[in-house]
Each structure stands twice: as structure tokens, then as C-alpha cells.
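Student: Contents are compact mmCIF, C-alpha atoms; file name structure_36.txt:
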```txt
# COMPACT_ATOMS: atom_id res chain seq x y z
CA MET A 726 77.73 40.96 45.38
CA SER A 727 78.65 37.78 43.47
CA VAL A 728 77.50 34.32 44.52
CA ASN A 729 81.17 33.36 44.59
CA GLN A 730 82.00 36.12 47.08
CA LEU A 731 79.25 34.93 49.42
CA LEU A 732 80.41 31.32 49.30
CA PRO A 733 81.76 30.02 52.62
CA ALA A 734 85.28 28.67 52.33
CA THR A 735 84.31 25.63 54.44
CA GLU A 736 81.57 24.33 52.11
CA PRO A 737 82.01 20.67 51.11
CA THR A 738 83.86 20.35 47.79
CA GLN A 739 80.83 19.01 45.89
CA GLN A 740 78.45 21.71 47.07
CA ARG A 741 81.09 24.40 46.73
CA ARG A 742 81.76 23.61 43.09
CA ASP A 743 78.03 23.45 42.38
CA ILE A 744 77.58 26.97 43.74
CA LEU A 745 80.76 28.16 42.00
CA TRP A 746 79.45 27.13 38.59
CA LYS A 747 76.13 28.87 39.21
CA GLY A 748 77.93 32.01 40.29
CA ILE A 749 80.47 32.23 37.47
CA MET A 750 77.83 31.50 34.83
CA GLU A 751 75.74 34.40 36.08
CA ASP A 752 78.73 36.71 36.57
CA LEU A 753 80.16 36.12 33.08
CA PHE A 754 77.20 34.92 31.06
CA ALA A 755 77.97 37.06 28.01
CA ASP A 756 81.46 35.53 27.90
CA PHE A 757 79.95 32.10 28.58
CA LEU A 758 77.61 32.50 25.60
CA ARG A 759 80.40 33.68 23.30
CA PHE A 760 82.66 30.81 24.40
CA PHE A 761 80.19 28.01 23.70
CA PHE A 762 78.38 29.60 20.74
CA ILE A 763 81.01 31.09 18.44
CA ASP A 764 78.42 33.02 16.41
CA ALA A 765 76.71 34.46 19.51
CA ASP A 766 77.31 38.08 18.52
CA GLU A 767 75.72 37.52 15.12
CA HIS A 768 72.46 36.24 16.58
CA PHE A 769 72.03 37.48 20.16
CA ASP A 770 71.44 41.00 21.42
CA ILE A 771 74.06 40.63 24.13
CA ASP A 772 73.90 44.29 25.17
CA ARG A 773 70.26 43.77 26.19
CA GLY A 774 71.36 41.37 28.91
CA PHE A 775 69.88 38.09 30.09
CA GLU A 776 67.26 36.79 32.48
CA PHE A 777 67.78 33.68 34.61
CA LEU A 778 64.53 31.77 34.79
CA GLU A 779 64.84 29.97 38.11
CA LYS A 780 61.08 29.90 38.74
CA GLU A 781 60.31 28.49 35.29
CA LEU A 782 63.01 25.84 35.65
CA HIS A 783 61.64 24.76 39.00
CA GLU A 784 58.16 24.42 37.50
CA ILE A 785 59.30 21.79 35.04
CA SER A 786 61.66 19.94 37.36
CA PRO A 787 60.23 19.82 40.92
CA GLY A 788 62.53 17.81 43.16
CA GLU A 789 65.21 17.32 40.49
CA SER A 790 67.83 19.22 42.48
CA VAL A 791 67.40 16.75 45.33
CA THR A 792 67.25 13.62 43.19
CA HIS A 793 70.15 14.60 40.94
CA PRO A 794 72.39 16.95 42.97
CA ARG A 795 75.36 16.58 40.63
CA TYR A 796 73.89 18.86 38.00
CA VAL A 797 73.82 22.63 37.81
CA ASP A 798 70.86 23.60 35.64
CA LYS A 799 70.28 27.03 34.20
CA LEU A 800 67.38 28.23 32.10
CA VAL A 801 68.26 31.58 30.57
CA LYS A 802 66.23 33.99 28.50
CA ALA A 803 68.16 35.84 25.82
CA TRP A 804 67.05 37.93 22.85
CA TYR A 805 67.85 37.77 19.18
CA LYS A 806 68.88 40.97 17.47
CA ASP A 807 65.46 41.12 15.80
CA GLY A 808 63.82 41.25 19.24
CA THR A 809 62.55 37.67 19.48
CA GLU A 810 63.20 35.60 22.59
CA LYS A 811 65.49 32.60 22.78
CA TRP A 812 65.68 30.29 25.78
CA LEU A 813 68.86 28.45 26.67
CA LEU A 814 68.84 25.33 28.81
CA ILE A 815 72.29 24.78 30.30
CA HIS A 816 73.27 21.60 32.13
CA VAL A 817 76.63 21.32 33.87
CA GLU A 818 77.51 17.90 35.22
CA ILE A 819 79.35 18.42 38.50
CA GLN A 820 79.91 15.11 40.22
CA GLY A 821 81.48 13.57 37.18
CA TYR A 822 80.66 9.94 36.65
CA PRO A 823 78.71 8.20 33.85
CA ASP A 824 74.94 8.40 34.09
CA THR A 825 72.98 6.31 31.59
CA LEU A 826 69.82 8.37 32.24
CA PHE A 827 71.36 11.76 31.51
CA ALA A 828 70.44 11.96 27.80
CA ALA A 829 66.85 10.97 28.56
CA ARG A 830 66.67 13.66 31.22
CA MET A 831 67.95 16.25 28.73
CA TYR A 832 65.11 15.30 26.42
CA THR A 833 62.58 15.46 29.27
CA TYR A 834 63.67 19.00 30.19
CA PHE A 835 63.50 20.01 26.53
CA TYR A 836 59.98 18.80 25.80
CA ARG A 837 58.62 20.07 29.13
CA ILE A 838 59.86 23.58 28.36
CA CYS A 839 58.52 23.46 24.81
CA ASP A 840 55.17 22.12 25.97
CA LYS A 841 54.65 24.36 29.00
CA PHE A 842 56.10 27.66 27.79
CA GLN A 843 55.91 27.33 23.98
CA ARG A 844 59.41 28.77 23.53
CA GLU A 845 62.30 27.96 21.24
CA VAL A 846 64.94 26.14 23.25
CA THR A 847 68.53 25.13 22.63
CA THR A 848 70.33 22.83 25.03
CA LEU A 849 73.93 22.47 26.12
CA ALA A 850 75.50 19.84 28.36
CA ILE A 851 78.93 20.53 29.85
CA TYR A 852 80.73 17.49 31.21
CA THR A 853 83.30 18.14 33.94
CA ASP A 854 83.92 14.49 34.83
CA ASN A 855 87.23 12.63 34.51
CA ASP A 856 85.96 9.77 32.31
CA GLU A 857 87.24 10.41 28.78
CA HIS A 858 84.79 7.86 27.33
CA TYR A 859 81.64 9.41 28.80
CA HIS A 860 80.16 11.93 26.37
CA PRO A 861 76.46 11.41 25.52
CA ASP A 862 75.23 13.83 22.88
CA ARG A 863 71.81 12.38 21.96
CA TYR A 864 68.77 10.53 23.20
CA VAL A 865 67.47 7.78 20.92
CA TYR A 866 63.96 6.34 21.27
CA GLU A 867 62.55 3.42 19.33
CA CYS A 868 59.44 1.31 19.95
CA HIS A 869 57.70 -0.88 17.35
CA GLY A 870 58.21 1.44 14.39
CA THR A 871 58.05 4.69 16.37
CA SER A 872 61.45 6.34 16.75
CA PHE A 873 63.23 9.64 17.04
CA VAL A 874 66.68 11.03 17.85
CA PHE A 875 67.11 14.07 20.11
CA ARG A 876 70.56 15.67 19.70
CA PHE A 877 71.93 18.36 21.98
CA ASN A 878 75.04 20.55 22.19
CA THR A 879 77.83 19.21 24.38
CA TYR A 880 81.23 20.25 25.68
CA LYS A 881 83.64 17.86 27.36
CA VAL A 882 86.21 19.64 29.53
CA LYS A 883 88.60 16.70 29.79
CA GLY A 884 90.77 16.42 26.71
CA GLN A 885 90.51 20.07 25.68
CA ASP A 886 93.66 21.62 24.22
CA ILE A 887 95.32 23.56 27.04
CA GLU A 888 97.49 25.60 24.70
CA LEU A 889 94.49 26.78 22.67
CA LEU A 890 92.61 27.67 25.85
CA GLU A 891 95.58 29.69 27.10
CA GLN A 892 95.64 31.59 23.81
CA CYS A 893 91.90 32.22 23.88
CA ASN A 894 90.99 35.77 24.89
CA ASN A 895 87.54 34.83 26.20
CA PRO A 896 87.51 35.01 30.03
CA PHE A 897 85.52 31.79 30.26
CA ALA A 898 88.50 29.88 28.90
CA THR A 899 90.10 30.50 32.30
CA VAL A 900 87.17 28.73 33.99
CA ILE A 901 87.73 25.69 31.77
CA LEU A 902 91.47 25.77 32.51
CA ALA A 903 90.73 25.81 36.24
CA VAL A 904 88.50 22.74 35.90
CA LEU A 905 91.12 20.99 33.75
CA THR A 906 93.70 21.66 36.44
CA SER A 907 91.46 20.18 39.13
CA LEU A 908 90.94 17.04 37.01
CA GLN A 909 94.68 16.36 37.40
CA GLN A 910 94.34 16.08 41.16
CA LYS A 911 94.91 12.30 41.17
CA GLU A 912 97.86 12.54 38.79
CA TYR A 913 99.95 15.14 40.62
CA SER A 914 101.09 15.92 44.12
CA GLN A 915 99.52 18.83 46.01
CA GLY A 916 102.74 20.77 45.47
CA ARG A 917 102.59 20.30 41.71
CA LEU A 918 98.91 21.28 41.64
CA PHE A 919 99.81 24.41 43.58
CA GLU A 920 102.38 25.31 40.90
CA LEU A 921 99.84 24.76 38.12
CA TYR A 922 97.29 27.01 39.80
CA VAL A 923 99.89 29.73 40.37
CA VAL A 924 100.80 29.63 36.67
CA LEU A 925 97.10 29.83 35.78
CA VAL A 926 96.61 32.91 37.95
CA ARG A 927 99.79 34.54 36.66
CA LYS A 928 98.61 34.16 33.07
CA LEU A 929 95.17 35.46 34.04
CA PHE A 930 96.72 38.66 35.38
CA GLN A 931 98.51 39.10 32.07
CA LYS A 932 95.21 39.12 30.17
CA SER A 933 93.57 42.34 29.07
CA TYR A 934 90.40 41.79 31.10
CA SER A 935 88.78 44.35 33.34
CA LYS A 936 89.72 44.29 37.01
CA GLU A 937 86.18 43.18 37.87
CA LYS A 938 86.40 40.12 35.62
CA ILE A 939 89.84 39.21 36.88
CA ASP A 940 88.58 39.42 40.46
CA LYS A 941 85.63 37.11 39.68
CA LEU A 942 87.87 34.60 37.93
CA VAL A 943 90.40 34.66 40.76
CA GLN A 944 87.60 33.93 43.23
CA PHE A 945 86.48 30.99 41.10
CA ILE A 946 90.01 29.57 40.79
CA LYS A 947 90.78 30.02 44.47
CA ARG A 948 87.61 28.30 45.62
CA HIS A 949 87.65 25.61 42.94
CA ALA A 950 91.18 24.53 43.84
CA ASN A 951 91.31 21.68 46.33
CA PHE A 952 94.78 21.64 47.88
CA GLY A 953 93.71 19.80 51.02
CA ASP A 954 96.41 21.70 52.87
CA SER A 955 95.72 24.90 54.80
CA GLU A 956 99.34 26.00 54.42
CA LEU A 957 99.14 25.76 50.62
CA ILE A 958 95.82 27.61 50.62
CA HIS A 959 97.39 30.45 52.59
CA LYS A 960 100.43 30.47 50.31
CA PHE A 961 98.19 30.56 47.24
CA GLU A 962 96.31 33.58 48.59
CA GLU A 963 99.66 35.29 49.18
CA GLU A 964 100.68 34.65 45.57
CA ILE A 965 97.40 36.13 44.34
CA GLU A 966 97.89 39.21 46.50
CA VAL A 967 101.38 39.75 45.04
CA PHE A 968 100.02 39.71 41.48
CA ASN A 969 97.15 41.97 42.51
CA GLN A 970 99.30 44.58 44.21
CA LYS A 971 101.76 44.81 41.33
CA LEU A 972 99.12 45.45 38.73
CA GLU A 973 97.00 47.74 40.88
CA HIS A 974 100.06 49.79 41.77
CA MET A 975 100.79 50.39 38.14
CA GLY A 976 97.19 50.91 37.10
CA ILE A 977 98.10 48.45 34.37
CA TYR A 978 94.56 47.09 34.06
CA GLU A 979 93.45 50.31 32.40
CA GLU A 980 96.64 50.63 30.32
CA ILE A 981 96.36 47.16 28.81
CA LEU A 982 92.61 47.40 28.31
CA GLN A 983 93.00 50.70 26.50
CA TYR A 984 95.55 49.24 24.16
CA GLU A 985 93.81 45.91 23.51
CA THR A 986 90.42 47.41 22.74
CA GLY A 987 91.90 49.81 20.23
CA ILE A 988 90.95 53.01 22.06
CA ALA A 989 94.31 54.55 21.20
CA GLU A 990 94.50 56.20 17.81
CA ALA A 991 96.31 54.20 15.12
CA ARG A 992 99.23 56.61 15.07
CA GLY A 993 99.45 56.61 18.82
CA GLU A 994 99.66 52.82 19.23
CA LEU A 995 103.45 52.80 19.22
CA ASN A 996 103.54 55.48 21.92
CA SER A 997 101.00 53.51 23.94
CA LYS A 998 103.20 50.42 23.77
CA LYS A 999 106.24 52.42 24.80
CA LYS A 1000 104.35 53.91 27.74
CA VAL A 1001 103.20 50.50 28.96
CA VAL A 1002 106.71 49.07 28.66
CA LYS A 1003 108.30 52.05 30.43
CA ASN A 1004 105.83 51.82 33.30
CA LEU A 1005 106.44 48.11 33.71
CA LEU A 1006 110.21 48.49 33.56
CA SER A 1007 110.32 51.29 36.10
CA GLY A 1008 107.58 50.14 38.46
CA THR A 1009 107.82 46.32 38.58
CA ASP A 1010 110.38 43.56 38.74
CA PHE A 1011 108.75 41.63 35.90
CA SER A 1012 111.11 39.82 33.53
CA ILE A 1013 111.69 41.20 30.04
CA GLN A 1014 109.75 38.25 28.59
CA THR A 1015 106.76 38.89 30.86
CA ILE A 1016 106.74 42.59 29.98
CA ALA A 1017 106.88 41.73 26.28
CA GLU A 1018 103.88 39.41 26.70
CA LEU A 1019 101.88 41.99 28.68
CA ALA A 1020 102.49 44.77 26.15
CA ASP A 1021 102.22 42.44 23.14
CA VAL A 1022 105.62 43.50 21.79
CA SER A 1023 108.85 41.73 20.97
CA ILE A 1024 111.59 41.12 23.54
CA ASP A 1025 113.91 43.29 21.41
CA PHE A 1026 111.40 46.15 21.70
CA VAL A 1027 111.50 45.91 25.50
CA ILE A 1028 115.30 45.74 25.55
CA GLU A 1029 115.50 48.85 23.35
CA ILE A 1030 113.22 50.81 25.70
CA LYS A 1031 115.20 49.55 28.71
CA ASN A 1032 118.44 50.77 27.16
CA THR A 1033 117.00 54.25 26.55
CA LEU A 1034 115.90 54.46 30.20
CA GLN A 1035 119.32 53.41 31.45
CA GLY A 1036 121.03 55.83 29.07
```
Would you write the structure of this file as C-alpha cells?
Tutor:
Amino acid sequence: MSVNQLLPATEPTQQRRDILWKGIMEDLFADFLRFFFIDADEHFDIDRGFEFLEKELHEISPGESVTHPRYVDKLVKAWYKDGTEKWLLIHVEIQGYPDTLFAARMYTYFYRICDKFQREVTTLAIYTDNDEHYHPDRYVYECHGTSFVFRFNTYKVKGQDIELLEQCNNPFATVILAVLTSLQQKEYSQGRLFELYVVLVRKLFQKSYSKEKIDKLVQFIKRHANFGDSELIHKFEEEIEVFNQKLEHMGIYEEILQYETGIAEARGELNSKKKVVKNLLSGTDFSIQTIAELADVSIDFVIEIKNTLQG
């Protein structure tokens, strides 16, 4: 059972989002790795899986979780394709306000791991705050002729291109979109935020992900959203259930996945598209545009199939 599924709905927002990040990173770590390291498949043996080194992380940072509760830290063991180990140190800033000591702390984690465990380590800091000017990517030390610069990988959620994220077929892009939506909380009314989250979920259900991944992402979105209104929360759950029932009724998860992953033979692709479109036309009330997007065909293609069914 996922961490996100165990999470109480009444947890304080700060603690809830902390746990949510830990859960979704573990649930979708292969997608996480591919999202933040575009050449991940070239270097990492992703099929071998990963190991989360909670004990080792605690050994180098006793008391850090109490002193700095706004960070989610993950130390993950992965393997290169040649069999060698690679350790990944992941920091996710949760609370979201500038911290002048953060870069120094990144360096401290790095050298403690190198010194204690003698492993290769790469680091990544993910900033989920709302300050567009806060984005430290290095720690600089200089003292009477002794100096060095420690650079680390970073990703700033705020300011990311929403359109590109929506087009991205990596499931972790949906996580980033959910965080981006929550960052607009002060700019929009609760009603407008509700609409944005509904659109996000609708587009998620149109993706060619497995049902298991969609379920995990829906749980993340639902629990990350902060409507502050029990009526909107209930309405949002109802919207999710509508999307879920429509797709489960059609068995469309498997249909789309089969098509997108190229399981169908090259000559049978056209028939596969026709089958998907026919099922959607006869079994749902989706618009022609939505059906075209789901089946990855033109609107004219859908209209042609619709005419043959009516004829």
C-alpha cells in the first residue's frame, strides 16, 4: 500500500505535503529519475529497481528532520548498466521560503556521504516555493586563499512552462503541474482553483498511463490540493469518480496503453485506432475533440467513424 493511500486526510497542510512528496517519489521513482535526468535510461539499470537508504541518511543527518522540517530528503541507491552503484541525494524544499543556509547544507550532506560511505553521489534540489528569485545552485567557500565551489543540480517548479509539462508524457510532469497549480492559491479564488484541478485530472485520465499510475497521481493531486472548503473537496472527489467510472467501464486504460506502447502490429494500427474511437463513441458521452485526443487521431477521423456507425 502506498504512503499516499495511508495518509490521513486531516493532516496539517505542511506535514501532508511532506509525506505526499515522500510517497510519490517512492511510488514513481523510475519516472522521477527519467524526468529530472533526461539521459537516465542510457546510464541507469532502471529495471533493476532502487533502494531507499533511510538508515544511511539518518546516520549522516541526526536531528536534521526536526531542525529543518521543510525539507524532504531522499538518499537512493541505483545501479549503472555496467553494475556499479550510484547514490542519489534528493532534496525537496517543502515550506517554500528563502534559506541562506540551504546551499551549505547541501554541501554538508554531500561530503558526509562521500566521507562515510565512499560512494559516488549526485545531488538534486527541487524548489517548490513561490519566490521566483530564490534558486541557489552552488555553495561557495573562500578563506585566505583557500576556496572551492560546490555546484548541484536544481529544479525550480515556479516558472516552468505549463504547456510543455502538459505535453510531456512522463507521469512525474503531472506532479509538477499539481504543485504549480497549488502555487496559484493566492492569485485565484477557491472556485477557480477547483476548475484548474479538474482540468488537470481530466488531462491525466487522457494520458496513456497504467491504471495504477493514474490512481497514484490522482491520490497525490487530491491530497495536495488545498481548497479549504469541504463542499469543494466532496465535489472534486465526485468529478474524479466520474472520470474513473467512464474509463473503467470502457476498459480504455488497456486500449490506449496497447496503442501507445506499439504492441499492435504496424498494419493493425489503423484498426486499433478505429476500435478505440468506436468504443468511445458508443460507450461514452465524450466530445469529438476529446475522443480525437484520446485516440491520437484527427477530428475528421472521428467524424468519419461516427458517420459509419450512424449509417
Student: Rank nothing, just name the residue among A:Glu966, A:Asp1025, A:Glu767, A:Asp756 nearest to Tyr934 (chain A), using all atoms listed in the file.
Tutor: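 Ranked by minimum distance to Tyr934 (chain A), first place goes to A:Asp756.
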Student: Point out the residue among A:Lys883, A:Arg742, A:Lys811, A:His783 with the least atom-to-atom distance to Asp770 (chain A), counting only C-alpha atoms.
Tutor: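 Among the listed residues, A:Lys811 lies closest to Asp770 (chain A).
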Student: For Phe842 (chain A), which residue among A:Val874, A:Ala898, A:Leu1034, A:Leu778 is the nearest when counting only C-alpha atoms?
Tutor: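 Comparing A:Val874, A:Ala898, A:Leu1034, A:Leu778 against Phe842 (chain A), the winner is A:Leu778.
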Student: Quick one: of A:Tyr913, A:Phe1011, A:Phe897, A:Tyr852, who's nearest to Phe760 (chain A), counting all atoms listed in the file?
Tutor: A:Phe897
Student: Between CA of Lys780 (chain A) and CA of Lys799 (chain A), what distance in Å does the model show, to one decimal?
Tutor: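 The value is 10.7 Å.
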Student: Which residues are near Ile901 (chain A)? Cut-off 10 Å, only C-alpha atoms, ignore same chain within fewer than 5 positions. Put them as a list of chain:residue names.
Tutor: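 Residues near the query, excluding close chain neighbours: A:Thr853, A:Lys881, A:Val882, A:Lys883, A:Gln885, A:Ile887, A:Leu890, A:Glu891, A:Pro896, A:Thr906, A:Ser907.
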Student: Report, in Å with one decimal, the straight-line distance from CA of Arg759 (chain A) to CA of Phe945 (chain A).
Tutor: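 About the pair CA of Arg759 (chain A) and CA of Phe945 (chain A): they are 19.0 Å apart.
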Student: Step by step: start from the point (70.4, 14.7, 28.7) in the file's coordinates, keep every protein, DNA or RNA residue that has an atom no farther than 10 Å from it, count only C-alpha atoms, and write the set as number ranges by chain.
Tutor: A: 816, 824-835, 848-850, 861-864, 875-879
Student: Measuring between all atoms listed in the file, which one of A:Lys932, A:Arg837, A:His860, A:Lys1031 shows the shortest distance to Ser1007 (chain A)?
Tutor: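 Counting all atoms listed in the file, the residue closest to Ser1007 (chain A) is A:Lys1031.
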Student: Using all atoms listed in the file, which protein or nucleic acid residues come within 12 Å of Glu963 (chain A)? Drop anything in the same chain fewer than 6 positions from it, and give the result as a VMD selection string.
Tutor: chain A and resid 923 926 947 956 to 957 969 to 970
Student: Give me, please, the distance in Å between CA of Lys747 (chain A) and CA of Phe762 (chain A), quoted to one decimal.
Tutor: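 Interatomic distance, CA of Lys747 (chain A) to CA of Phe762 (chain A): 18.6 Å.
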